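Visitor: So I've got this file, protein01.csv, and it contains CSV, C-alpha atoms and all ligand atoms:
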chain,number,residue,atom,x,y,z
A,288,MET,CA,78.4,122.4,96.4
A,289,PRO,CA,76.4,119.7,94.6
A,290,PRO,CA,73.1,120.7,92.9
A,291,GLN,CA,70.3,121.3,95.4
A,292,GLN,CA,66.9,119.7,95.2
A,293,ALA,CA,64.0,122.1,94.9
A,294,GLY,CA,60.9,122.3,97.0
A,295,TYR,CA,61.7,123.4,100.5
A,296,GLU,CA,61.7,126.9,102.0
A,297,THR,CA,63.9,126.3,104.9
A,298,LEU,CA,66.1,123.4,103.9
A,299,LEU,CA,68.7,122.8,101.3
A,300,VAL,CA,69.0,119.2,100.2
A,301,ALA,CA,71.8,117.8,98.1
A,302,ASP,CA,73.0,114.3,97.0
A,303,ALA,CA,76.6,113.2,96.2
A,304,ALA,CA,78.2,109.8,96.3
A,305,GLY,CA,75.4,108.2,98.3
A,306,VAL,CA,75.5,111.0,100.9
A,307,ARG,CA,72.4,113.2,101.4
A,308,THR,CA,73.2,116.5,103.0
A,309,ILE,CA,70.4,118.5,104.7
A,310,THR,CA,71.4,122.1,105.3
A,311,LEU,CA,69.2,124.1,107.7
A,312,ASN,CA,68.8,127.3,105.8
A,313,ARG,CA,67.6,130.2,107.9
A,314,PRO,CA,71.0,131.8,108.5
A,315,ASP,CA,69.7,135.2,109.6
A,316,GLU,CA,68.0,133.5,112.6
A,317,LEU,CA,70.9,131.1,113.2
A,318,ASN,CA,68.7,128.4,111.6
A,319,ALA,CA,66.1,128.6,114.4
A,320,ILE,CA,63.3,126.1,114.1
A,321,ASP,CA,59.9,127.3,113.0
A,322,ASP,CA,56.8,125.3,111.9
A,323,ARG,CA,58.1,125.2,108.3
A,324,VAL,CA,61.4,123.7,109.5
A,325,THR,CA,59.7,120.9,111.5
A,326,THR,CA,57.3,120.1,108.6
A,327,GLU,CA,60.1,120.0,106.1
A,328,LEU,CA,62.4,118.0,108.2
A,329,GLN,CA,59.7,115.4,108.9
A,330,THR,CA,59.0,115.2,105.2
A,331,GLU,CA,62.6,114.8,104.2
A,332,LEU,CA,63.4,112.2,106.9
A,333,LYS,CA,60.5,110.1,105.7
A,334,LYS,CA,61.8,110.3,102.1
A,335,ILE,CA,65.3,109.3,103.2
A,336,ALA,CA,64.0,106.3,105.1
A,337,ARG,CA,62.4,105.0,101.9
A,338,ASP,CA,65.3,105.8,99.6
A,339,ARG,CA,67.9,103.0,99.3
A,340,SER,CA,70.2,105.2,97.4
A,341,VAL,CA,70.9,107.3,100.5
A,342,ARG,CA,73.6,105.5,102.4
A,343,CYS,CA,74.6,108.3,104.8
A,344,LEU,CA,73.0,111.5,106.0
A,345,VAL,CA,74.8,114.8,106.9
A,346,LEU,CA,73.0,117.5,108.8
A,347,THR,CA,74.5,120.9,108.9
A,348,GLY,CA,73.5,124.6,109.0
A,349,ALA,CA,73.9,127.6,106.7
A,350,GLY,CA,75.8,130.7,107.8
A,351,ARG,CA,77.5,131.0,111.2
A,352,GLY,CA,75.1,128.9,113.3
A,353,PHE,CA,74.2,125.2,113.3
A,354,CYS,CA,70.7,125.7,114.9
A,355,ALA,CA,69.5,128.1,117.6
A,356,GLY,CA,66.6,125.8,118.6
A,357,GLN,CA,62.9,126.8,118.7
A,358,ASP,CA,62.3,130.1,116.9
A,359,LEU,CA,61.5,132.3,119.8
A,360,LYS,CA,60.2,135.1,117.6
A,361,SER,CA,57.7,133.1,115.5
A,362,ALA,CA,54.0,133.5,116.4
A,363,ALA,CA,53.8,130.0,117.8
A,364,ALA,CA,56.5,130.6,120.4
A,365,ARG,CA,54.9,133.9,121.5
A,366,GLY,CA,51.7,132.1,122.3
A,367,ASP,CA,48.4,131.8,120.4
A,368,LYS,CA,45.5,134.2,120.7
A,369,ASP,CA,44.4,132.5,123.9
A,370,GLY,CA,47.7,133.5,125.4
A,371,GLY,CA,49.1,129.9,125.8
A,372,PHE,CA,51.5,127.9,123.8
A,373,ASP,CA,50.9,124.2,123.8
A,374,PHE,CA,54.4,122.9,124.5
A,375,ALA,CA,53.4,119.3,124.8
A,376,ALA,CA,51.6,119.4,121.5
A,377,ALA,CA,54.5,121.1,119.8
A,378,LEU,CA,56.9,118.4,121.0
A,379,ARG,CA,54.6,115.5,120.3
A,380,ASN,CA,53.6,116.7,116.8
A,381,ARG,CA,56.6,118.7,115.6
A,382,TYR,CA,59.9,117.9,117.4
A,383,ASN,CA,59.5,114.3,118.6
A,384,PRO,CA,58.8,112.8,115.2
A,385,ILE,CA,62.0,114.3,113.9
A,386,ILE,CA,64.1,112.9,116.7
A,387,SER,CA,62.5,109.5,116.4
A,388,ALA,CA,62.9,109.5,112.7
A,389,LEU,CA,66.6,110.4,112.9
A,390,TRP,CA,67.2,107.8,115.5
A,391,ALA,CA,65.5,105.1,113.5
A,392,LEU,CA,67.2,105.7,110.2
A,393,GLU,CA,69.2,102.6,109.5
A,394,ILE,CA,72.0,104.5,107.9
A,395,PRO,CA,74.8,106.5,109.6
A,396,THR,CA,73.9,110.1,110.4
A,397,LEU,CA,76.5,112.8,110.9
A,398,ALA,CA,76.0,116.3,112.3
A,399,ALA,CA,78.5,118.7,110.8
A,400,ILE,CA,78.3,121.5,113.4
A,401,ASN,CA,79.3,124.7,111.8
A,402,GLY,CA,78.6,127.0,114.8
A,403,VAL,CA,76.4,127.5,117.8
A,404,ALA,CA,73.8,124.8,118.6
A,405,ALA,CA,71.2,125.9,121.2
A,406,GLY,CA,68.1,124.2,122.7
A,407,ALA,CA,66.4,121.9,120.3
A,408,GLY,CA,69.2,122.6,117.9
A,409,TRP,CA,71.6,120.9,120.2
A,410,SER,CA,69.1,118.1,120.7
A,411,LEU,CA,69.1,117.6,116.9
A,412,ALA,CA,72.8,117.3,116.8
A,413,LEU,CA,72.7,114.8,119.7
A,414,ALA,CA,70.2,112.7,117.8
A,415,CYS,CA,72.7,112.1,115.1
A,416,ASP,CA,75.1,109.2,115.3
A,417,LEU,CA,78.4,111.1,114.9
A,418,ARG,CA,79.3,114.8,115.4
A,419,ILE,CA,82.1,116.9,114.0
A,420,ALA,CA,82.2,120.5,115.1
A,421,VAL,CA,84.3,123.5,114.2
A,422,LYS,CA,86.6,125.1,116.7
A,423,GLY,CA,84.6,128.0,118.1
A,424,ALA,CA,81.3,126.2,117.9
A,425,LYS,CA,79.4,126.3,121.2
A,426,PHE,CA,76.6,124.4,122.8
A,427,VAL,CA,74.0,126.2,124.8
A,428,GLY,CA,71.3,124.3,126.7
A,429,ALA,CA,69.2,127.4,126.7
A,430,PHE,CA,66.4,125.6,128.5
A,431,SER,CA,67.2,126.4,132.1
A,432,LYS,CA,67.7,130.1,131.2
A,433,ILE,CA,64.0,130.2,130.1
A,434,GLY,CA,62.6,128.0,132.7
A,435,LEU,CA,62.1,124.9,130.5
A,436,VAL,CA,63.1,121.2,130.6
A,437,PRO,CA,65.6,120.0,128.0
A,438,ASP,CA,63.6,118.4,125.3
A,439,SER,CA,63.7,116.8,121.8
A,440,GLY,CA,65.5,113.9,123.3
A,441,MET,CA,68.2,115.7,125.2
A,442,THR,CA,67.4,114.2,128.6
A,443,TRP,CA,67.8,110.8,126.9
A,444,THR,CA,70.8,111.4,124.7
A,445,LEU,CA,72.9,113.6,127.0
A,446,PRO,CA,73.1,111.4,130.1
A,447,ARG,CA,73.9,108.4,127.8
A,448,LEU,CA,76.8,110.2,126.3
A,449,VAL,CA,78.3,112.0,129.4
A,450,GLY,CA,76.6,110.3,132.5
A,451,VAL,CA,73.8,111.7,134.6
A,452,ALA,CA,75.9,114.0,136.9
A,453,LYS,CA,77.6,115.8,134.0
A,454,ALA,CA,74.3,116.0,132.1
A,455,LEU,CA,72.6,117.6,135.1
A,456,GLU,CA,75.5,120.0,135.5
A,457,ILE,CA,75.2,121.0,131.8
A,458,ALA,CA,71.4,121.3,132.0
A,459,TRP,CA,71.0,123.1,135.3
A,460,PHE,CA,73.8,125.7,134.9
A,461,GLY,CA,73.1,126.2,131.2
A,462,ASP,CA,76.6,127.6,130.6
A,463,ALA,CA,77.8,127.3,127.1
A,464,VAL,CA,79.9,124.2,126.4
A,465,THR,CA,82.8,124.9,124.1
A,466,ALA,CA,83.7,122.5,121.3
A,467,GLU,CA,86.9,121.6,123.1
A,468,ALA,CA,85.0,120.7,126.3
A,469,ALA,CA,82.3,118.9,124.3
A,470,LEU,CA,85.1,116.8,122.7
A,471,GLN,CA,86.5,116.0,126.1
A,472,TYR,CA,83.1,114.9,127.5
A,473,GLY,CA,82.5,112.6,124.6
A,474,LEU,CA,79.8,114.8,123.0
A,475,LEU,CA,81.8,115.2,119.8
A,476,ASN,CA,83.8,112.8,117.7
A,477,ARG,CA,86.1,115.5,116.2
A,478,VAL,CA,86.8,119.2,116.3
A,479,VAL,CA,88.2,120.8,113.1
A,480,GLU,CA,89.2,124.2,111.8
A,481,PRO,CA,86.1,126.0,110.3
A,482,GLU,CA,87.5,125.7,106.7
A,483,GLN,CA,88.0,122.0,107.2
A,484,LEU,CA,84.5,121.1,108.3
A,485,GLU,CA,83.0,120.4,104.9
A,486,SER,CA,85.9,118.2,103.7
A,487,ALA,CA,86.1,116.4,107.1
A,488,ALA,CA,82.4,115.7,107.1
A,489,ARG,CA,82.4,114.7,103.4
A,490,GLU,CA,85.3,112.3,103.9
A,491,TRP,CA,83.7,110.4,106.8
A,492,ALA,CA,80.3,110.5,105.1
A,493,GLU,CA,81.6,109.2,101.8
A,494,ARG,CA,83.5,106.4,103.5
A,495,LEU,CA,80.4,105.4,105.5
A,496,ALA,CA,78.3,105.6,102.3
A,497,LYS,CA,80.6,103.2,100.6
A,498,GLY,CA,80.3,100.7,103.5
A,499,ALA,CA,78.1,97.6,103.9
A,500,THR,CA,75.1,99.8,104.6
A,501,ARG,CA,72.8,97.0,105.9
A,502,GLY,CA,75.6,95.8,108.3
A,503,LEU,CA,76.2,99.4,109.5
A,504,GLY,CA,72.5,100.0,110.0
A,505,LEU,CA,72.1,96.7,111.9
A,506,THR,CA,75.1,97.7,114.0
A,507,LYS,CA,73.3,100.9,114.9
A,508,ARG,CA,70.1,99.0,115.7
A,509,ALA,CA,72.1,96.6,117.9
A,510,MET,CA,73.8,99.3,119.9
A,511,HIS,CA,70.6,101.2,120.4
A,512,ALA,CA,68.9,98.0,121.7
A,513,ALA,CA,71.8,97.4,124.0
A,514,MET,CA,71.0,100.5,125.9
A,515,SER,CA,67.9,98.8,127.4
A,516,HIS,CA,69.0,95.2,127.4
A,517,MET,CA,70.6,92.8,129.8
A,518,LEU,CA,73.6,90.8,128.4
A,519,GLU,CA,71.6,87.7,127.6
A,520,GLU,CA,69.0,89.7,125.6
A,521,GLN,CA,71.7,91.5,123.8
A,522,LEU,CA,73.5,88.3,122.8
A,523,GLU,CA,70.3,87.0,121.3
A,524,THR,CA,69.8,90.4,119.5
A,525,GLU,CA,73.3,90.1,118.0
A,526,ALA,CA,72.5,86.5,116.9
A,527,GLN,CA,69.3,87.6,115.2
A,528,LEU,CA,70.9,90.7,113.5
A,529,GLN,CA,73.9,88.7,112.4
A,530,GLY,CA,71.5,86.2,110.9
A,531,VAL,CA,70.3,89.1,108.7
A,532,ALA,CA,73.7,90.6,108.0
A,533,GLY,CA,75.1,87.2,107.0
A,534,ARG,CA,72.6,86.9,104.3
A,535,THR,CA,73.4,90.2,102.6
A,536,ARG,CA,75.1,90.6,99.2
A,537,ASP,CA,77.6,92.8,100.9
A,538,TYR,CA,78.7,90.1,103.3
A,539,ALA,CA,79.3,87.7,100.3
A,540,GLU,CA,81.2,90.5,98.5
A,541,GLY,CA,83.3,91.3,101.6
A,542,VAL,CA,84.4,87.6,102.0
A,543,LYS,CA,85.0,87.3,98.2
A,544,ALA,CA,87.1,90.5,98.2
A,545,PHE,CA,89.1,89.2,101.2
A,546,ILE,CA,89.9,86.0,99.5
A,547,GLU,CA,90.8,87.8,96.2
A,548,LYS,CA,93.0,90.2,98.1
A,549,ARG,CA,91.2,93.3,96.8
A,550,PRO,CA,89.1,96.1,98.3
A,551,ALA,CA,85.4,95.2,98.7
A,552,GLU,CA,82.9,97.0,96.5
A,553,PHE,CA,79.8,97.2,98.6
A,554,THR,CA,76.4,98.1,97.1
A,555,GLY,CA,74.5,98.5,100.4
A,556,GLU,CA,72.3,95.4,99.6
A,601,LIG,C1,67.0,133.8,116.9
A,601,LIG,C2,67.1,132.7,117.8
A,601,LIG,C3,65.9,131.9,118.1
A,601,LIG,C4,64.7,133.3,116.7
A,601,LIG,C5,69.0,133.6,117.6
A,601,LIG,N1,64.8,132.3,117.5
A,601,LIG,N2,65.8,134.1,116.4
A,601,LIG,C6,60.9,123.1,121.7
A,601,LIG,C7,59.5,123.0,121.5
A,601,LIG,C8,58.6,123.8,122.0
A,601,LIG,C9,58.8,124.9,122.6
A,601,LIG,C10,59.9,125.4,123.2
A,601,LIG,O1,61.2,125.0,123.0
A,601,LIG,C11,61.7,123.9,122.4
A,601,LIG,C12,63.1,123.7,122.5
A,601,LIG,C13,64.0,124.9,122.4
A,601,LIG,O2,64.7,125.0,121.5
A,601,LIG,S1,64.0,126.1,123.6
A,601,LIG,C14,65.4,127.0,123.3
A,601,LIG,C15,65.2,128.1,122.3
A,601,LIG,N3,66.5,128.7,121.9
A,601,LIG,C16,67.1,129.6,122.7
A,601,LIG,O3,66.7,130.0,123.8
A,601,LIG,C17,68.4,130.2,122.1
A,601,LIG,C18,68.2,131.7,121.9
A,601,LIG,N4,69.4,132.2,121.2
A,601,LIG,C19,70.5,132.5,121.9
A,601,LIG,O4,70.6,132.3,123.1
A,601,LIG,C20,71.6,133.1,121.1
A,601,LIG,O5,71.1,133.7,120.0
A,601,LIG,C21,72.7,132.1,120.8
A,601,LIG,C22,73.5,131.7,122.0
A,601,LIG,C23,72.1,130.9,120.1
A,601,LIG,C24,73.7,132.8,119.8
A,601,LIG,O6,74.2,134.0,120.3
A,601,LIG,P1,74.9,135.1,119.4
A,601,LIG,O7,76.0,134.4,118.6
A,601,LIG,O8,75.3,136.2,120.2
A,601,LIG,O9,73.8,135.5,118.3
A,601,LIG,P2,72.6,136.5,118.5
A,601,LIG,O10,71.9,136.3,119.8
A,601,LIG,O11,73.0,137.9,118.1
A,601,LIG,O12,71.6,136.0,117.3
A,601,LIG,C25,71.8,136.3,115.9
A,601,LIG,C26,70.4,136.5,115.3
A,601,LIG,O13,69.7,135.3,115.4
A,601,LIG,C27,69.6,137.5,116.1
A,601,LIG,O14,68.8,138.2,115.2
A,601,LIG,P3,69.0,139.8,114.8
A,601,LIG,O15,67.9,140.1,113.9
A,601,LIG,O16,69.0,140.5,116.1
A,601,LIG,O17,70.4,139.8,114.2
A,601,LIG,C28,68.8,136.6,117.0
A,601,LIG,O18,67.6,137.2,117.4
A,601,LIG,C29,68.5,135.5,116.1
A,601,LIG,N5,68.2,134.3,116.9
A,601,LIG,N6,68.4,132.6,118.2
A,601,LIG,N7,66.0,130.8,118.9
What is this structure when it is put down as structure tokens?
Ligand code: LHQ
Guide:
Amino acid sequence: MPPQQAGYETLLVADAAGVRTITLNRPDELNAIDDRVTTELQTELKKIARDRSVRCLVLTGAGRGFCAGQDLKSAAARGDKDGGFDFAAALRNRYNPIISALWALEIPTLAAINGVAAGAGWSLALACDLRIAVKGAKFVGAFSKIGLVPDSGMTWTLPRLVGVAKALEIAWFGDAVTAEAALQYGLLNRVVEPEQLESAAREWAERLAKGATRGLGLTKRAMHAAMSHMLEEQLETEAQLQGVAGRTRDYAEGVKAFIEKRPAEFTGE
């Protein structure tokens, strides 16, 4: 494992070959999310957005779980002294900024799902661009079992990935979705043996981090825009974004490398 950056209580953060890896690090609670986790994730995602040396992000969990969602044992989840827990404020101030920040990052993001993902933990994985999970990982909506609405973006990401009827089936029944079923539904890109997860995630992440980062990021922006565009608007979006991509150094290098019959060496600029 590459050297870890200091400074967080609940996250491990490491850099290697242009890939930043964030490991949720509360293994005894299956990496459940408390206020420290949301604060630290918000801070780290802001740092990544400003750091041009980070060309791919991997999000994973320590121990046997990926993330069990909101920490149900923390004081906040049990309610404050007035007996109420302000769900709307928790989402607006703590969870939503993380989902928005992940979605807006103009680099590829990859969830390396090492075990169970529940509630907002599943939402976090769904807010990444790509997902690789281990055989034996499972996905638990959790929300319907405790009378809540799927949140942290899940009502937005899930129907886009699987269609509304399947998304409602998953949300209403709340039955665990196995990694194999999730792969079949299009919720996962790959399922691997547990001992292969780290190398499979690293291989994809390093390949992406060596890519033409601006072009990859603009591709993500274009596909996100397409979700709410009519064809004519999208064609114009493509024209605008290609105008930007066509002026990057990586485009010039890509064409030069093609002509010189050698692999391109992209810098991300
Ligand atoms: C946990 C948790 C957990 C604390 C396992 N908290 N300790 C957003 C914003 C605002 C408000 C509300 O909600 C949200 C979104 C949400 O995320 S709501 C959904 C919250 N999450 C859940 O309801 C999931 C609760 N956990 C489970 O159902 C199970 O633990 C799963 C299915 C994740 C895993 O089951 P098992 O593999 O059987 O493990 P386990 O249940 O034995 O858990 C292992 C330990 O982790 C255990 O601690 P212990 O001290 O007994 O060993 C659990 O208490 C702890 N843990 N989830 N969310």
Visitor: If I take atom CA of A:Ser431 and atom CA of A:Ala414, how far is one from the other in Å, to one decimal?
Guide: 20.0 Å
Visitor: Between chain A and ligand LIG 601 (chain A), at 7 Å or less, what are the per-residue closest atom pairs and their distances in Å? Count only C-alpha atoms and all ligand atoms, order by chain and rising residue number, and return it as a tab-separated table.
Guide:
residue	atom	partner	partner_atom	distance
A:Asp315	CA	A:LIG601	O13	5.8
A:Glu316	CA	A:LIG601	O13	3.7
A:Leu317	CA	A:LIG601	O13	4.9
A:Ala319	CA	A:LIG601	C3	5.0
A:Ala355	CA	A:LIG601	C23	4.6
A:Gly356	CA	A:LIG601	O2	3.6
A:Gln357	CA	A:LIG601	O2	3.8
A:Asp358	CA	A:LIG601	N1	3.4
A:Leu359	CA	A:LIG601	N1	4.0
A:Lys360	CA	A:LIG601	C4	4.9
A:Ala364	CA	A:LIG601	C9	6.5
A:Phe374	CA	A:LIG601	C8	5.0
A:Ala377	CA	A:LIG601	C8	5.4
A:Leu378	CA	A:LIG601	C7	5.3
A:Tyr382	CA	A:LIG601	C7	6.6
A:Val403	CA	A:LIG601	C23	5.9
A:Ala404	CA	A:LIG601	C23	6.5
A:Ala405	CA	A:LIG601	C23	5.2
A:Gly406	CA	A:LIG601	O2	3.7
A:Ala407	CA	A:LIG601	O2	3.7
A:Gly408	CA	A:LIG601	O2	6.2
A:Val427	CA	A:LIG601	C22	6.2
A:Ala429	CA	A:LIG601	O3	4.6
A:Phe430	CA	A:LIG601	C14	5.5
A:Ile433	CA	A:LIG601	O3	6.9
A:Asp438	CA	A:LIG601	C12	6.0
A:Ser439	CA	A:LIG601	C6	6.9
Visitor: Select from stretch 375-398 of chain A every residue with an atom at most 7 Å from any atom of stretch 325-339 of chain A, then for each give the shortest pair of atoms and their distance in Å to one decimal, using only C-alpha atoms, rows by chain and rising number, as a tab-separated table.
Guide:
residue	atom	partner	partner_atom	distance
A:Arg381	CA	A:Thr325	CA	5.6
A:Tyr382	CA	A:Thr325	CA	6.6
A:Pro384	CA	A:Gln329	CA	6.9
A:Ile385	CA	A:Gln329	CA	5.6
A:Ala388	CA	A:Leu332	CA	6.4
A:Leu392	CA	A:Ala336	CA	6.1
Visitor: Next, dump the selected residues to file, keeping only C-alpha atoms, as a PDB file, in the frame of the given file.
Guide:
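The file below, selection-v3.pdb, is the result:
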ATOM      1  CA  ARG A 381      56.600 118.700 115.600  1.00  0.00           C
ATOM      2  CA  TYR A 382      59.900 117.900 117.400  1.00  0.00           C
ATOM      3  CA  PRO A 384      58.800 112.800 115.200  1.00  0.00           C
ATOM      4  CA  ILE A 385      62.000 114.300 113.900  1.00  0.00           C
ATOM      5  CA  ALA A 388      62.900 109.500 112.700  1.00  0.00           C
ATOM      6  CA  LEU A 392      67.200 105.700 110.200  1.00  0.00           C
TER       7      LEU A 392
END
Visitor: Pick from A:Leu445, A:Cys354, A:Val345, A:Ala526: nearest to A:Ile457, with all atoms listed in the file counted?
Guide: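 That would be A:Leu445, the residue with the smallest distance to A:Ile457.
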Visitor: What does the distance between atom CA of A:Val542 and atom CA of A:Gln527 come to in Å, to one decimal place?
Guide: 20.1 Å
Visitor: Would you list the residues near (80.7, 111.3, 110.2), meaning any protein, DNA or RNA residue with an atom at most 6 Å from that point in file coordinates, counting all atoms listed in the file, as a PyMOL selection string?
Guide: chain A and resi 397+417+488+491-492
Visitor: Just write the chosen residues, C-alpha atoms, as a PDB file, in the coordinates of the input.
Guide:
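So selection30.pdb came out as:
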ATOM      1  CA  LEU A 397      76.500 112.800 110.900  1.00  0.00           C
ATOM      2  CA  LEU A 417      78.400 111.100 114.900  1.00  0.00           C
ATOM      3  CA  ALA A 488      82.400 115.700 107.100  1.00  0.00           C
ATOM      4  CA  TRP A 491      83.700 110.400 106.800  1.00  0.00           C
ATOM      5  CA  ALA A 492      80.300 110.500 105.100  1.00  0.00           C
TER       6      ALA A 492
END
Visitor: With all atoms listed in the file as the basis for distance, which of A:Ala496, A:Ala466, A:Ile394, A:Val478 is at the shortest distance from A:Val306?
Guide: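 Of A:Ala496, A:Ala466, A:Ile394, A:Val478, the one nearest A:Val306 is A:Ala496, counting all atoms listed in the file.
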Visitor: Have a look at A:Ser361, A:Thr308, A:Thr347, A:Gln529 and name the one nearest to A:Asp321; count only C-alpha atoms.
Guide: A:Ser361
